[in-house]
Amino acid sequence: MLYLFILAILMNVFTYMFYSREVKFGEERYDKTTKKLRDSISLMTTKLADADYFSLEHNENAQNYFDNEASGGKVILFEKLIPVVTEKLLDFNANPNGNPYTGQDKIGPNKFIINKIKILNHRWIIADYSNGELWGEVLLKYFVDQDEKITFEVNQTWLYQK
């Protein structure tokens with residue numbers, strides 16, 4: 001009986017030690033994982049801020065360009081201007097010869113169309129275009145006059161080789 005009692009006490013001590021260390025190990029692992037995830041979120045936030053550095057949404061000087069109230073002009077809200085400019089540029093994709101603002105003529109049966117647009121500031125747009133086989137990028141100037149008419153001008157274009 002005495003041996004059985006001693007064996008039961010030893011089993012309880014070992015079991016208690018095992019489970020208490022398992023909880024401590026789990027807490028340490030949770031803390032390490034949480035720290036790693038917070039660092040990753042911080043890193044991704046920094047990368048996103050760096051990527052959005054050149055955008056009209058985050059450039060206060062470019063936004064102020066559209067605030068012509070002091071000079072007696074109209075105020076153009078950049079939040080509403082961005083989708084209008086994007087839509088206007090993408091509307092040219094319906095042209096049977098392709099979007100003229102890609103800076104490329106139609107090659108073969110496929111026309112060049114603009115796929116993705118990023119408005120950099122109050123004057124510049126960068127866009128990605130393709131015809132399904134060839135891909136390129138174009139740097140555009142855009143102008144918004146007092147009547148809120150938008151015009152585009154191709155500055156430079158680049159077509160990547162196959």
# chains A, B, ... in the order shown; residues from 1 in each chain; ligands from 1
>>> residues_around(residues="segment 113-120 of chain A", least_positions_apart="3", cutoff="7 Å", atoms="only C-alpha atoms", output="NGL selection string")
:A and (54-56 or 86 or 90 or 93 or 98-99 or 102 or 124-131)
>>> select_by_dssp(residues="segment 78-141 of chain A", states="strand (DSSP E)", output="PyMOL selection string")
chain A and resi 113-119+124-130+135-141
>>> residues_around(residues="segment 154-162 of chain A", least_positions_apart="2", cutoff="9 Å", atoms="only C-alpha atoms", output="MDAnalysis selection string")
chainID A and resid 100:104 129:130 133:142 152
>>> residues_around(residues="segment 75-83 of chain A", least_positions_apart="3", cutoff="10 Å", atoms="only C-alpha atoms", output="compact mmCIF listing (two decimals) with N, CA and C atoms, in the first residue's frame")
# COMPACT_ATOMS: atom_id res chain seq x y z
N LEU A 56 -2.31 60.59 -55.78
CA LEU A 56 -3.07 61.81 -55.56
C LEU A 56 -3.78 61.78 -54.21
N GLU A 57 -4.19 60.60 -53.76
CA GLU A 57 -4.91 60.48 -52.50
C GLU A 57 -4.07 60.88 -51.29
N ALA A 62 -0.58 68.18 -54.35
CA ALA A 62 -1.33 67.93 -55.58
C ALA A 62 -2.82 68.15 -55.36
N GLN A 63 -3.32 67.82 -54.20
CA GLN A 63 -4.73 68.05 -53.90
C GLN A 63 -5.04 69.54 -53.87
N ASN A 64 -4.12 70.32 -53.32
CA ASN A 64 -4.32 71.77 -53.26
C ASN A 64 -4.34 72.41 -54.64
N TYR A 65 -3.75 71.76 -55.63
CA TYR A 65 -3.77 72.27 -57.00
C TYR A 65 -5.21 72.41 -57.50
N PHE A 66 -6.08 71.51 -57.08
CA PHE A 66 -7.47 71.53 -57.53
C PHE A 66 -8.35 72.46 -56.68
N ASP A 67 -7.78 73.08 -55.67
CA ASP A 67 -8.52 74.03 -54.84
C ASP A 67 -8.29 75.43 -55.39
N ASN A 68 -9.07 75.82 -56.40
CA ASN A 68 -8.92 77.11 -57.07
C ASN A 68 -9.84 78.18 -56.49
N GLU A 69 -10.36 77.97 -55.30
CA GLU A 69 -11.31 78.89 -54.71
C GLU A 69 -10.67 80.25 -54.46
N ALA A 70 -9.40 80.28 -54.07
CA ALA A 70 -8.73 81.55 -53.78
C ALA A 70 -8.57 82.39 -55.03
N GLY A 72 -10.64 82.42 -57.48
CA GLY A 72 -11.95 82.64 -58.08
C GLY A 72 -12.46 81.49 -58.93
N THR A 86 -10.23 58.03 -64.24
CA THR A 86 -10.02 56.61 -64.54
C THR A 86 -11.05 56.11 -65.54
N GLU A 87 -12.31 56.42 -65.30
CA GLU A 87 -13.37 55.97 -66.20
C GLU A 87 -13.22 56.57 -67.59
N LYS A 88 -12.88 57.85 -67.64
CA LYS A 88 -12.72 58.52 -68.94
C LYS A 88 -11.59 57.87 -69.74
N LEU A 89 -10.49 57.56 -69.09
CA LEU A 89 -9.36 56.94 -69.78
C LEU A 89 -9.70 55.51 -70.21
N LYS A 118 -2.89 54.31 -62.33
CA LYS A 118 -2.58 54.92 -61.04
C LYS A 118 -2.36 56.41 -61.29
N ILE A 119 -3.15 57.22 -60.62
CA ILE A 119 -3.01 58.68 -60.73
C ILE A 119 -1.98 59.10 -59.70
N ASN A 121 -0.34 62.27 -59.35
CA ASN A 121 -0.53 63.59 -58.74
C ASN A 121 -1.50 64.39 -59.59
N HIS A 122 -1.41 65.71 -59.56
CA HIS A 122 -2.34 66.56 -60.28
C HIS A 122 -2.04 66.63 -61.78
N VAL A 144 -7.20 69.12 -66.38
CA VAL A 144 -8.60 69.37 -66.04
C VAL A 144 -8.79 70.88 -66.15
N GLN A 146 -11.31 74.50 -66.43
CA GLN A 146 -12.33 75.10 -65.55
C GLN A 146 -13.71 74.48 -65.76
N GLU A 148 -14.20 71.44 -66.15
CA GLU A 148 -13.99 70.07 -65.70
C GLU A 148 -13.91 69.10 -66.87
N ILE A 150 -11.64 66.87 -69.22
CA ILE A 150 -10.38 66.17 -69.00
C ILE A 150 -9.76 65.81 -70.34
>>> select_by_dssp(residues="segment 3-161 of chain A", states="alpha helix (DSSP H)", output="PyMOL selection string")
chain A and resi 3-51+60-65+78-91
>>> atom_distance(atom1="atom CA of Phe92 of chain A", atom2="atom CA of Phe112 of chain A")
10.5 Å
